[in-house]
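Colleague: If you scroll down you'll find the structure; I have some questions about it.
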Amino acid sequence: MSDVSPQLIDRLVAISRALAGHIDPGSAFRATAIEIGTLIPHDHIDLAVLSQDGRMHACYEAGFHTSWSELAQHPVEGSPIRRVLWGETPYLLSDNALVDGRFHFAGAFDQPIFEAKLRSRIIVPLRARGSVIGSLNISRHEVGCYTQADVAVAQQCADLIAPYIYALIQTEEARRAMLAESETRNRAELL
């Protein structure tokens, strides 16, 4: 860890502190987005989190919201960042996502890139338990804002928050399953 600056370590600790005490993934992420912004300035930041079967993903946005967060789940096959979510590429770095073909293909849900003018983009995977569980997506309106060094810092941020976000999502899913089981039992008793 000798190549990590004391300032980066301080900011990563601040991100860790920002996570503390949150009980849902959205509020935890919004708290960390502010701290991530001190390391990597952004106009838009979001998390895409895969469903357990890996076919769908939910989007948690901080700051302004796009149509990505309006739907509860999106099919990964239509995601502009699917190559990272599928583990086919270690990251995406784009100087101008408006014209970058990796984000645009037949069936892509790419309107928010145009509507929000998300030009400079960094997409890095979130990993937990040895698998990609989602991605951290950072964007600026200006062209050519990010470098490979920013990708490395974004990956460190993603590596820090991924286990916490994963735990919150697992807890949320367990709570939903428990509620559904309780409702089923109550209906059976009523019958």
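Naming scheme: A, B, ... for chains in displayed order of the structure tokens; residues 1 onward per chain; ligands 1 onward as shown.
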Taking the chain letters and numbering used in this document, name the residues of range 98-138 of chain A that DSSP puts in strand (DSSP E), as a PDB file with all heavy atoms, in the first residue's frame.
Modeller:
```
ATOM      1  N   SER A 120     -17.978  12.260 -20.066  1.00  0.00           N
ATOM      2  CA  SER A 120     -16.869  11.537 -19.441  1.00  0.00           C
ATOM      3  C   SER A 120     -17.443  10.527 -18.466  1.00  0.00           C
ATOM      4  O   SER A 120     -18.267  10.873 -17.632  1.00  0.00           O
ATOM      5  CB  SER A 120     -15.954  12.504 -18.690  1.00  0.00           C
ATOM      6  OG  SER A 120     -15.323  13.385 -19.578  1.00  0.00           O
ATOM      7  N   ARG A 121     -16.983   9.261 -18.595  1.00  0.00           N
ATOM      8  CA  ARG A 121     -17.561   8.219 -17.739  1.00  0.00           C
ATOM      9  C   ARG A 121     -16.497   7.229 -17.285  1.00  0.00           C
ATOM     10  O   ARG A 121     -15.598   6.889 -18.045  1.00  0.00           O
ATOM     11  CB  ARG A 121     -18.655   7.442 -18.469  1.00  0.00           C
ATOM     12  CG  ARG A 121     -19.826   8.321 -18.897  1.00  0.00           C
ATOM     13  CD  ARG A 121     -21.082   7.552 -19.159  1.00  0.00           C
ATOM     14  NE  ARG A 121     -21.670   7.179 -17.874  1.00  0.00           N
ATOM     15  CZ  ARG A 121     -22.518   6.169 -17.702  1.00  0.00           C
ATOM     16  NH1 ARG A 121     -22.866   5.417 -18.720  1.00  0.00           N
ATOM     17  NH2 ARG A 121     -23.021   5.897 -16.518  1.00  0.00           N
ATOM     18  N   ILE A 122     -16.663   6.801 -16.033  1.00  0.00           N
ATOM     19  CA  ILE A 122     -15.886   5.695 -15.468  1.00  0.00           C
ATOM     20  C   ILE A 122     -16.897   4.679 -14.951  1.00  0.00           C
ATOM     21  O   ILE A 122     -17.788   5.031 -14.191  1.00  0.00           O
ATOM     22  CB  ILE A 122     -15.013   6.152 -14.277  1.00  0.00           C
ATOM     23  CG1 ILE A 122     -13.998   7.212 -14.685  1.00  0.00           C
ATOM     24  CG2 ILE A 122     -14.316   4.948 -13.633  1.00  0.00           C
ATOM     25  CD1 ILE A 122     -13.267   7.822 -13.490  1.00  0.00           C
ATOM     26  N   ILE A 123     -16.726   3.440 -15.355  1.00  0.00           N
ATOM     27  CA  ILE A 123     -17.562   2.348 -14.870  1.00  0.00           C
ATOM     28  C   ILE A 123     -16.611   1.286 -14.326  1.00  0.00           C
ATOM     29  O   ILE A 123     -15.775   0.760 -15.064  1.00  0.00           O
ATOM     30  CB  ILE A 123     -18.416   1.714 -16.007  1.00  0.00           C
ATOM     31  CG1 ILE A 123     -19.077   2.755 -16.909  1.00  0.00           C
ATOM     32  CG2 ILE A 123     -19.399   0.711 -15.431  1.00  0.00           C
ATOM     33  CD1 ILE A 123     -20.003   3.713 -16.244  1.00  0.00           C
ATOM     34  N   VAL A 124     -16.725   0.971 -13.031  1.00  0.00           N
ATOM     35  CA  VAL A 124     -15.893  -0.077 -12.427  1.00  0.00           C
ATOM     36  C   VAL A 124     -16.803  -1.067 -11.703  1.00  0.00           C
ATOM     37  O   VAL A 124     -17.881  -0.694 -11.221  1.00  0.00           O
ATOM     38  CB  VAL A 124     -14.837   0.498 -11.454  1.00  0.00           C
ATOM     39  CG1 VAL A 124     -13.808   1.340 -12.204  1.00  0.00           C
ATOM     40  CG2 VAL A 124     -15.475   1.295 -10.334  1.00  0.00           C
ATOM     41  N   PRO A 125     -16.383  -2.327 -11.634  1.00  0.00           N
ATOM     42  CA  PRO A 125     -17.232  -3.334 -10.994  1.00  0.00           C
ATOM     43  C   PRO A 125     -17.235  -3.232  -9.476  1.00  0.00           C
ATOM     44  O   PRO A 125     -16.243  -2.825  -8.861  1.00  0.00           O
ATOM     45  CB  PRO A 125     -16.604  -4.657 -11.443  1.00  0.00           C
ATOM     46  CG  PRO A 125     -15.187  -4.328 -11.717  1.00  0.00           C
ATOM     47  CD  PRO A 125     -15.171  -2.901 -12.208  1.00  0.00           C
ATOM     48  N   LEU A 126     -18.357  -3.616  -8.896  1.00  0.00           N
ATOM     49  CA  LEU A 126     -18.459  -3.866  -7.458  1.00  0.00           C
ATOM     50  C   LEU A 126     -18.336  -5.381  -7.316  1.00  0.00           C
ATOM     51  O   LEU A 126     -19.034  -6.115  -8.020  1.00  0.00           O
ATOM     52  CB  LEU A 126     -19.826  -3.437  -6.924  1.00  0.00           C
ATOM     53  CG  LEU A 126     -20.205  -1.972  -6.972  1.00  0.00           C
ATOM     54  CD1 LEU A 126     -21.678  -1.805  -6.604  1.00  0.00           C
ATOM     55  CD2 LEU A 126     -19.337  -1.169  -6.032  1.00  0.00           C
ATOM     56  N   ARG A 127     -17.468  -5.831  -6.419  1.00  0.00           N
ATOM     57  CA  ARG A 127     -17.288  -7.270  -6.236  1.00  0.00           C
ATOM     58  C   ARG A 127     -17.508  -7.651  -4.779  1.00  0.00           C
ATOM     59  O   ARG A 127     -17.062  -6.943  -3.881  1.00  0.00           O
ATOM     60  CB  ARG A 127     -15.876  -7.686  -6.637  1.00  0.00           C
ATOM     61  CG  ARG A 127     -15.611  -7.604  -8.110  1.00  0.00           C
ATOM     62  CD  ARG A 127     -14.235  -8.195  -8.450  1.00  0.00           C
ATOM     63  NE  ARG A 127     -13.907  -7.983  -9.832  1.00  0.00           N
ATOM     64  CZ  ARG A 127     -13.265  -6.921 -10.294  1.00  0.00           C
ATOM     65  NH1 ARG A 127     -12.860  -5.987  -9.481  1.00  0.00           N
ATOM     66  NH2 ARG A 127     -13.011  -6.802 -11.578  1.00  0.00           N
ATOM     67  N   ALA A 128     -18.162  -8.770  -4.581  1.00  0.00           N
ATOM     68  CA  ALA A 128     -18.325  -9.340  -3.245  1.00  0.00           C
ATOM     69  C   ALA A 128     -18.413 -10.850  -3.408  1.00  0.00           C
ATOM     70  O   ALA A 128     -18.979 -11.339  -4.396  1.00  0.00           O
ATOM     71  CB  ALA A 128     -19.580  -8.798  -2.559  1.00  0.00           C
ATOM     72  N   SER A 131     -17.512 -12.413  -6.858  1.00  0.00           N
ATOM     73  CA  SER A 131     -18.311 -12.180  -8.068  1.00  0.00           C
ATOM     74  C   SER A 131     -18.617 -10.701  -8.244  1.00  0.00           C
ATOM     75  O   SER A 131     -18.631  -9.944  -7.283  1.00  0.00           O
ATOM     76  CB  SER A 131     -19.648 -12.921  -7.974  1.00  0.00           C
ATOM     77  OG  SER A 131     -19.445 -14.295  -7.840  1.00  0.00           O
ATOM     78  N   VAL A 132     -18.906 -10.334  -9.483  1.00  0.00           N
ATOM     79  CA  VAL A 132     -19.382  -8.984  -9.758  1.00  0.00           C
ATOM     80  C   VAL A 132     -20.817  -8.910  -9.269  1.00  0.00           C
ATOM     81  O   VAL A 132     -21.656  -9.727  -9.649  1.00  0.00           O
ATOM     82  CB  VAL A 132     -19.295  -8.649 -11.264  1.00  0.00           C
ATOM     83  CG1 VAL A 132     -19.936  -7.300 -11.557  1.00  0.00           C
ATOM     84  CG2 VAL A 132     -17.849  -8.676 -11.744  1.00  0.00           C
ATOM     85  N   ILE A 133     -21.098  -7.940  -8.401  1.00  0.00           N
ATOM     86  CA  ILE A 133     -22.460  -7.758  -7.879  1.00  0.00           C
ATOM     87  C   ILE A 133     -23.097  -6.480  -8.411  1.00  0.00           C
ATOM     88  O   ILE A 133     -24.242  -6.182  -8.111  1.00  0.00           O
ATOM     89  CB  ILE A 133     -22.481  -7.746  -6.338  1.00  0.00           C
ATOM     90  CG1 ILE A 133     -21.658  -6.569  -5.793  1.00  0.00           C
ATOM     91  CG2 ILE A 133     -22.016  -9.074  -5.788  1.00  0.00           C
ATOM     92  CD1 ILE A 133     -22.054  -6.135  -4.403  1.00  0.00           C
ATOM     93  N   GLY A 134     -22.331  -5.714  -9.192  1.00  0.00           N
ATOM     94  CA  GLY A 134     -22.837  -4.463  -9.731  1.00  0.00           C
ATOM     95  C   GLY A 134     -21.692  -3.604 -10.230  1.00  0.00           C
ATOM     96  O   GLY A 134     -20.589  -4.107 -10.492  1.00  0.00           O
ATOM     97  N   SER A 135     -21.959  -2.305 -10.320  1.00  0.00           N
ATOM     98  CA  SER A 135     -20.917  -1.387 -10.766  1.00  0.00           C
ATOM     99  C   SER A 135     -21.108  -0.003 -10.151  1.00  0.00           C
ATOM    100  O   SER A 135     -22.223   0.373  -9.789  1.00  0.00           O
ATOM    101  CB  SER A 135     -20.909  -1.271 -12.295  1.00  0.00           C
ATOM    102  OG  SER A 135     -22.108  -0.660 -12.740  1.00  0.00           O
ATOM    103  N   LEU A 136     -19.992   0.698 -10.031  1.00  0.00           N
ATOM    104  CA  LEU A 136     -19.967   2.102  -9.637  1.00  0.00           C
ATOM    105  C   LEU A 136     -19.782   2.886 -10.916  1.00  0.00           C
ATOM    106  O   LEU A 136     -18.856   2.612 -11.688  1.00  0.00           O
ATOM    107  CB  LEU A 136     -18.826   2.362  -8.654  1.00  0.00           C
ATOM    108  CG  LEU A 136     -18.552   3.818  -8.283  1.00  0.00           C
ATOM    109  CD1 LEU A 136     -19.747   4.443  -7.552  1.00  0.00           C
ATOM    110  CD2 LEU A 136     -17.296   3.911  -7.411  1.00  0.00           C
ATOM    111  N   ASN A 137     -20.659   3.871 -11.162  1.00  0.00           N
ATOM    112  CA  ASN A 137     -20.683   4.606 -12.427  1.00  0.00           C
ATOM    113  C   ASN A 137     -20.563   6.099 -12.139  1.00  0.00           C
ATOM    114  O   ASN A 137     -21.420   6.671 -11.471  1.00  0.00           O
ATOM    115  CB  ASN A 137     -21.989   4.300 -13.157  1.00  0.00           C
ATOM    116  CG  ASN A 137     -22.282   2.808 -13.152  1.00  0.00           C
ATOM    117  OD1 ASN A 137     -21.485   2.021 -13.612  1.00  0.00           O
ATOM    118  ND2 ASN A 137     -23.411   2.425 -12.593  1.00  0.00           N
ATOM    119  N   ILE A 138     -19.510   6.708 -12.647  1.00  0.00           N
ATOM    120  CA  ILE A 138     -19.195   8.104 -12.359  1.00  0.00           C
ATOM    121  C   ILE A 138     -19.150   8.868 -13.676  1.00  0.00           C
ATOM    122  O   ILE A 138     -18.509   8.414 -14.628  1.00  0.00           O
ATOM    123  CB  ILE A 138     -17.844   8.204 -11.621  1.00  0.00           C
ATOM    124  CG1 ILE A 138     -17.882   7.364 -10.336  1.00  0.00           C
ATOM    125  CG2 ILE A 138     -17.491   9.649 -11.324  1.00  0.00           C
ATOM    126  CD1 ILE A 138     -16.532   7.195  -9.663  1.00  0.00           C
TER     127      ILE A 138
END
```
Colleague: Fewer than 6 positions away in the same chain doesn't count, so skip those; otherwise give me all residues within 12 Å of Phe103 in chain A, counting only C-alpha atoms, as a PDB file with N, CA, C and O atoms, in the first residue's frame.
Modeller:
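Result written to out23.pdb:
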```
ATOM      1  N   GLU A  77     -29.065  -7.213 -20.199  1.00  0.00           N
ATOM      2  CA  GLU A  77     -28.761  -7.277 -21.629  1.00  0.00           C
ATOM      3  C   GLU A  77     -28.976  -5.937 -22.340  1.00  0.00           C
ATOM      4  O   GLU A  77     -28.373  -5.690 -23.371  1.00  0.00           O
ATOM      5  N   GLY A  78     -29.813  -5.046 -21.795  1.00  0.00           N
ATOM      6  CA  GLY A  78     -30.033  -3.734 -22.390  1.00  0.00           C
ATOM      7  C   GLY A  78     -29.255  -2.620 -21.724  1.00  0.00           C
ATOM      8  O   GLY A  78     -29.379  -1.451 -22.087  1.00  0.00           O
ATOM      9  N   SER A  79     -28.423  -2.968 -20.761  1.00  0.00           N
ATOM     10  CA  SER A  79     -27.670  -1.953 -20.024  1.00  0.00           C
ATOM     11  C   SER A  79     -26.449  -1.485 -20.815  1.00  0.00           C
ATOM     12  O   SER A  79     -25.677  -2.310 -21.315  1.00  0.00           O
ATOM     13  N   PRO A  80     -26.236  -0.172 -20.902  1.00  0.00           N
ATOM     14  CA  PRO A  80     -25.030   0.331 -21.567  1.00  0.00           C
ATOM     15  C   PRO A  80     -23.727  -0.128 -20.892  1.00  0.00           C
ATOM     16  O   PRO A  80     -22.676  -0.082 -21.505  1.00  0.00           O
ATOM     17  N   ILE A  81     -23.820  -0.590 -19.654  1.00  0.00           N
ATOM     18  CA  ILE A  81     -22.624  -1.004 -18.919  1.00  0.00           C
ATOM     19  C   ILE A  81     -22.563  -2.523 -18.747  1.00  0.00           C
ATOM     20  O   ILE A  81     -21.838  -3.037 -17.900  1.00  0.00           O
ATOM     21  N   ARG A  82     -23.294  -3.253 -19.561  1.00  0.00           N
ATOM     22  CA  ARG A  82     -23.427  -4.701 -19.413  1.00  0.00           C
ATOM     23  C   ARG A  82     -22.092  -5.432 -19.468  1.00  0.00           C
ATOM     24  O   ARG A  82     -21.927  -6.449 -18.803  1.00  0.00           O
ATOM     25  N   ARG A  83     -21.131  -4.929 -20.223  1.00  0.00           N
ATOM     26  CA  ARG A  83     -19.843  -5.625 -20.338  1.00  0.00           C
ATOM     27  C   ARG A  83     -19.118  -5.681 -18.995  1.00  0.00           C
ATOM     28  O   ARG A  83     -18.460  -6.671 -18.691  1.00  0.00           O
ATOM     29  N   VAL A  84     -19.272  -4.631 -18.177  1.00  0.00           N
ATOM     30  CA  VAL A  84     -18.681  -4.646 -16.836  1.00  0.00           C
ATOM     31  C   VAL A  84     -19.509  -5.544 -15.925  1.00  0.00           C
ATOM     32  O   VAL A  84     -18.962  -6.344 -15.167  1.00  0.00           O
ATOM     33  N   LEU A  92     -14.832   0.431 -17.772  1.00  0.00           N
ATOM     34  CA  LEU A  92     -15.036   1.251 -18.963  1.00  0.00           C
ATOM     35  C   LEU A  92     -14.587   2.665 -18.618  1.00  0.00           C
ATOM     36  O   LEU A  92     -14.946   3.194 -17.566  1.00  0.00           O
ATOM     37  N   LEU A  93     -13.812   3.256 -19.479  1.00  0.00           N
ATOM     38  CA  LEU A  93     -13.375   4.646 -19.364  1.00  0.00           C
ATOM     39  C   LEU A  93     -13.681   5.293 -20.702  1.00  0.00           C
ATOM     40  O   LEU A  93     -13.243   4.813 -21.742  1.00  0.00           O
ATOM     41  N   SER A  94     -14.471   6.371 -20.668  1.00  0.00           N
ATOM     42  CA  SER A  94     -14.855   7.027 -21.915  1.00  0.00           C
ATOM     43  C   SER A  94     -14.659   8.532 -21.806  1.00  0.00           C
ATOM     44  O   SER A  94     -15.053   9.142 -20.812  1.00  0.00           O
ATOM     45  N   ASN A  96     -16.066  10.483 -24.109  1.00  0.00           N
ATOM     46  CA  ASN A  96     -17.351  11.036 -24.533  1.00  0.00           C
ATOM     47  C   ASN A  96     -18.332   9.899 -24.821  1.00  0.00           C
ATOM     48  O   ASN A  96     -18.384   9.366 -25.927  1.00  0.00           O
ATOM     49  N   ALA A  97     -19.093   9.541 -23.805  1.00  0.00           N
ATOM     50  CA  ALA A  97     -20.034   8.428 -23.920  1.00  0.00           C
ATOM     51  C   ALA A  97     -21.168   8.711 -24.904  1.00  0.00           C
ATOM     52  O   ALA A  97     -21.843   7.787 -25.342  1.00  0.00           O
ATOM     53  N   PHE A 109     -30.619   0.658 -23.259  1.00  0.00           N
ATOM     54  CA  PHE A 109     -31.361   1.667 -22.502  1.00  0.00           C
ATOM     55  C   PHE A 109     -30.383   2.801 -22.208  1.00  0.00           C
ATOM     56  O   PHE A 109     -29.905   2.974 -21.095  1.00  0.00           O
ATOM     57  N   ASP A 110     -30.076   3.561 -23.274  1.00  0.00           N
ATOM     58  CA  ASP A 110     -29.024   4.577 -23.212  1.00  0.00           C
ATOM     59  C   ASP A 110     -29.533   6.020 -23.239  1.00  0.00           C
ATOM     60  O   ASP A 110     -28.743   6.956 -23.214  1.00  0.00           O
ATOM     61  N   GLN A 111     -30.866   6.219 -23.214  1.00  0.00           N
ATOM     62  CA  GLN A 111     -31.414   7.570 -23.257  1.00  0.00           C
ATOM     63  C   GLN A 111     -30.853   8.472 -22.156  1.00  0.00           C
ATOM     64  O   GLN A 111     -30.579   9.650 -22.421  1.00  0.00           O
ATOM     65  N   PRO A 112     -30.695   7.980 -20.918  1.00  0.00           N
ATOM     66  CA  PRO A 112     -30.186   8.874 -19.872  1.00  0.00           C
ATOM     67  C   PRO A 112     -28.804   9.447 -20.169  1.00  0.00           C
ATOM     68  O   PRO A 112     -28.498  10.557 -19.741  1.00  0.00           O
ATOM     69  N   ILE A 113     -27.986   8.725 -20.917  1.00  0.00           N
ATOM     70  CA  ILE A 113     -26.666   9.252 -21.283  1.00  0.00           C
ATOM     71  C   ILE A 113     -26.846  10.529 -22.089  1.00  0.00           C
ATOM     72  O   ILE A 113     -26.151  11.525 -21.853  1.00  0.00           O
ATOM     73  N   PHE A 114     -27.786  10.518 -23.021  1.00  0.00           N
ATOM     74  CA  PHE A 114     -28.043  11.694 -23.858  1.00  0.00           C
ATOM     75  C   PHE A 114     -28.792  12.777 -23.081  1.00  0.00           C
ATOM     76  O   PHE A 114     -28.421  13.955 -23.152  1.00  0.00           O
ATOM     77  N   LEU A 118     -24.100  12.798 -20.202  1.00  0.00           N
ATOM     78  CA  LEU A 118     -23.047  12.114 -19.449  1.00  0.00           C
ATOM     79  C   LEU A 118     -21.920  11.750 -20.408  1.00  0.00           C
ATOM     80  O   LEU A 118     -21.906  10.676 -20.992  1.00  0.00           O
ATOM     81  N   ARG A 119     -20.983  12.654 -20.562  1.00  0.00           N
ATOM     82  CA  ARG A 119     -19.907  12.467 -21.538  1.00  0.00           C
ATOM     83  C   ARG A 119     -18.750  11.659 -20.947  1.00  0.00           C
ATOM     84  O   ARG A 119     -18.564  10.507 -21.288  1.00  0.00           O
ATOM     85  N   ARG A 121     -16.983   9.261 -18.595  1.00  0.00           N
ATOM     86  CA  ARG A 121     -17.561   8.219 -17.739  1.00  0.00           C
ATOM     87  C   ARG A 121     -16.497   7.229 -17.285  1.00  0.00           C
ATOM     88  O   ARG A 121     -15.598   6.889 -18.045  1.00  0.00           O
ATOM     89  N   ILE A 122     -16.663   6.801 -16.033  1.00  0.00           N
ATOM     90  CA  ILE A 122     -15.886   5.695 -15.468  1.00  0.00           C
ATOM     91  C   ILE A 122     -16.897   4.679 -14.951  1.00  0.00           C
ATOM     92  O   ILE A 122     -17.788   5.031 -14.191  1.00  0.00           O
ATOM     93  N   ILE A 123     -16.726   3.440 -15.355  1.00  0.00           N
ATOM     94  CA  ILE A 123     -17.562   2.348 -14.870  1.00  0.00           C
ATOM     95  C   ILE A 123     -16.611   1.286 -14.326  1.00  0.00           C
ATOM     96  O   ILE A 123     -15.775   0.760 -15.064  1.00  0.00           O
TER      97      ILE A 123
END
```
Colleague: Using backbone DSSP assignments, extract all alpha helix (DSSP H) residues from range 75-168 of chain A; output them as a ChimeraX atom specification.
Modeller: /A:82-85,111-115,148-168
Colleague: Determine the nearest neighbour of Gln7 in chain A from the options A:Ile34, A:Val49, A:Gln73, A:Val153, counting only C-alpha atoms.
Modeller: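 For Gln7 in chain A, the nearest of the given residues is A:Val153.
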Colleague: Can you work out which one of A:Glu173, A:Asp43, A:Asp10, A:Glu61 has the shortest atom-to-atom distance to Ala28 in chain A, counting only C-alpha atoms?
Modeller: A:Glu61
Colleague: Tell me, in Å to one decimal, how far CA of Thr89 in chain A is from CA of Ala31 in chain A.
Modeller: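 If I compute the distance from CA of Thr89 in chain A to CA of Ala31 in chain A, I get 27.8 Å.
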Colleague: Tell me, in Å to one decimal, how far CA of His141 in chain A is from CA of Leu12 in chain A.
Modeller: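 CA of His141 in chain A sits 24.8 Å away from CA of Leu12 in chain A.
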Colleague: For His22 in chain A, work out the shell of residues within 10 Å, counting only C-alpha atoms and skipping chain neighbours fewer than 4 positions away, then give it as a VMD selection string.
Modeller: chain A and resid 18 26 to 29 31 164 to 165 168
Colleague: Show which residues sit within 10 Å of Cys157 in chain A, as a short mmCIF file (atom, residue, chain, number, x, y, z; two decimals) with all heavy atoms, in the first residue's frame. Count only C-alpha atoms, and ignore same-chain residues fewer than 4 positions away.
Modeller:
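Wrote it out as out-v9.cif, contents follow:
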```cif
data_model
loop_
_atom_site.label_atom_id
_atom_site.label_comp_id
_atom_site.auth_asym_id
_atom_site.auth_seq_id
_atom_site.Cartn_x
_atom_site.Cartn_y
_atom_site.Cartn_z
N LEU A 8 -5.49 9.97 0.06
CA LEU A 8 -6.42 8.95 -0.43
C LEU A 8 -6.88 8.07 0.73
O LEU A 8 -8.08 7.77 0.85
CB LEU A 8 -5.78 8.10 -1.52
CG LEU A 8 -6.62 6.94 -2.07
CD1 LEU A 8 -7.95 7.43 -2.63
CD2 LEU A 8 -5.85 6.17 -3.12
N ARG A 11 -9.49 9.91 2.67
CA ARG A 11 -10.77 9.99 1.96
C ARG A 11 -11.48 8.62 1.99
O ARG A 11 -12.69 8.55 2.12
CB ARG A 11 -10.59 10.44 0.50
CG ARG A 11 -10.01 11.81 0.30
CD ARG A 11 -10.63 13.02 0.98
NE ARG A 11 -11.96 12.96 1.48
CZ ARG A 11 -12.35 13.50 2.65
NH1 ARG A 11 -11.51 14.11 3.44
NH2 ARG A 11 -13.60 13.43 3.04
N LEU A 12 -10.71 7.53 1.85
CA LEU A 12 -11.32 6.20 1.92
C LEU A 12 -11.88 5.93 3.31
O LEU A 12 -12.96 5.34 3.44
CB LEU A 12 -10.31 5.12 1.51
CG LEU A 12 -9.90 5.13 0.03
CD1 LEU A 12 -8.77 4.13 -0.21
CD2 LEU A 12 -11.08 4.85 -0.88
N ILE A 15 -15.12 7.69 3.47
CA ILE A 15 -16.17 6.92 2.79
C ILE A 15 -16.68 5.81 3.70
O ILE A 15 -17.89 5.61 3.83
CB ILE A 15 -15.64 6.34 1.45
CG1 ILE A 15 -15.40 7.47 0.45
CG2 ILE A 15 -16.61 5.29 0.88
CD1 ILE A 15 -14.63 7.05 -0.79
N SER A 16 -15.77 5.13 4.37
CA SER A 16 -16.16 4.08 5.30
C SER A 16 -17.04 4.63 6.42
O SER A 16 -18.06 4.03 6.77
CB SER A 16 -14.91 3.43 5.89
OG SER A 16 -15.24 2.46 6.83
N THR A 32 -22.07 8.03 0.64
CA THR A 32 -20.70 7.85 0.15
C THR A 32 -20.42 8.69 -1.09
O THR A 32 -19.27 9.05 -1.34
CB THR A 32 -20.41 6.38 -0.19
OG1 THR A 32 -21.25 5.96 -1.25
CG2 THR A 32 -20.59 5.49 1.02
N ALA A 33 -21.45 9.00 -1.87
CA ALA A 33 -21.26 9.75 -3.11
C ALA A 33 -20.60 11.10 -2.86
O ALA A 33 -19.76 11.55 -3.65
CB ALA A 33 -22.59 9.94 -3.83
N GLU A 35 -18.49 11.81 -0.45
CA GLU A 35 -17.08 11.57 -0.16
C GLU A 35 -16.32 11.14 -1.42
O GLU A 35 -15.19 11.55 -1.62
CB GLU A 35 -16.93 10.52 0.95
CG GLU A 35 -17.48 10.96 2.28
CD GLU A 35 -16.80 12.20 2.84
OE1 GLU A 35 -15.63 12.49 2.49
OE2 GLU A 35 -17.45 12.90 3.64
N ILE A 36 -16.94 10.31 -2.26
CA ILE A 36 -16.30 9.91 -3.51
C ILE A 36 -16.03 11.15 -4.37
O ILE A 36 -15.00 11.25 -5.03
CB ILE A 36 -17.14 8.87 -4.26
CG1 ILE A 36 -17.17 7.55 -3.47
CG2 ILE A 36 -16.60 8.63 -5.68
CD1 ILE A 36 -18.15 6.52 -3.98
N LEU A 39 -12.74 12.84 -4.15
CA LEU A 39 -11.65 12.15 -4.85
C LEU A 39 -11.79 12.24 -6.36
O LEU A 39 -10.81 12.40 -7.08
CB LEU A 39 -11.61 10.68 -4.44
CG LEU A 39 -11.20 10.38 -3.02
CD1 LEU A 39 -11.46 8.93 -2.67
CD2 LEU A 39 -9.72 10.71 -2.82
N ILE A 40 -13.02 12.07 -6.83
CA ILE A 40 -13.31 12.07 -8.26
C ILE A 40 -14.52 12.98 -8.47
O ILE A 40 -15.66 12.56 -8.27
CB ILE A 40 -13.63 10.65 -8.78
CG1 ILE A 40 -12.52 9.67 -8.42
CG2 ILE A 40 -13.85 10.68 -10.30
CD1 ILE A 40 -12.86 8.22 -8.70
N VAL A 124 -16.73 0.97 -13.03
CA VAL A 124 -15.89 -0.08 -12.43
C VAL A 124 -16.80 -1.07 -11.70
O VAL A 124 -17.88 -0.69 -11.22
CB VAL A 124 -14.84 0.50 -11.45
CG1 VAL A 124 -13.81 1.34 -12.20
CG2 VAL A 124 -15.48 1.30 -10.33
N LEU A 126 -18.36 -3.62 -8.90
CA LEU A 126 -18.46 -3.87 -7.46
C LEU A 126 -18.34 -5.38 -7.32
O LEU A 126 -19.03 -6.12 -8.02
CB LEU A 126 -19.83 -3.44 -6.92
CG LEU A 126 -20.21 -1.97 -6.97
CD1 LEU A 126 -21.68 -1.81 -6.60
CD2 LEU A 126 -19.34 -1.17 -6.03
N LEU A 136 -19.99 0.70 -10.03
CA LEU A 136 -19.97 2.10 -9.64
C LEU A 136 -19.78 2.89 -10.92
O LEU A 136 -18.86 2.61 -11.69
CB LEU A 136 -18.83 2.36 -8.65
CG LEU A 136 -18.55 3.82 -8.28
CD1 LEU A 136 -19.75 4.44 -7.55
CD2 LEU A 136 -17.30 3.91 -7.41
N VAL A 151 -9.62 5.90 -12.75
CA VAL A 151 -10.20 4.55 -12.77
C VAL A 151 -9.69 3.77 -11.55
O VAL A 151 -10.46 3.09 -10.87
CB VAL A 151 -9.86 3.81 -14.08
CG1 VAL A 151 -10.28 2.34 -14.00
CG2 VAL A 151 -10.52 4.49 -15.27
N ALA A 152 -8.39 3.87 -11.27
CA ALA A 152 -7.81 3.16 -10.13
C ALA A 152 -8.43 3.62 -8.81
O ALA A 152 -8.75 2.79 -7.95
CB ALA A 152 -6.29 3.34 -10.11
N VAL A 153 -8.62 4.91 -8.66
CA VAL A 153 -9.24 5.44 -7.43
C VAL A 153 -10.70 5.00 -7.36
O VAL A 153 -11.18 4.59 -6.29
CB VAL A 153 -9.12 6.98 -7.36
CG1 VAL A 153 -9.94 7.55 -6.21
CG2 VAL A 153 -7.65 7.38 -7.22
N ILE A 161 -16.82 -0.03 -0.79
CA ILE A 161 -18.26 0.01 -0.51
C ILE A 161 -18.99 -1.27 -0.88
O ILE A 161 -20.05 -1.55 -0.34
CB ILE A 161 -18.95 1.23 -1.18
CG1 ILE A 161 -18.95 1.13 -2.70
CG2 ILE A 161 -18.33 2.52 -0.70
CD1 ILE A 161 -19.74 2.22 -3.40
N ALA A 162 -18.44 -2.08 -1.79
CA ALA A 162 -19.15 -3.26 -2.29
C ALA A 162 -19.60 -4.23 -1.19
O ALA A 162 -20.77 -4.63 -1.19
CB ALA A 162 -18.31 -3.99 -3.34
#
```
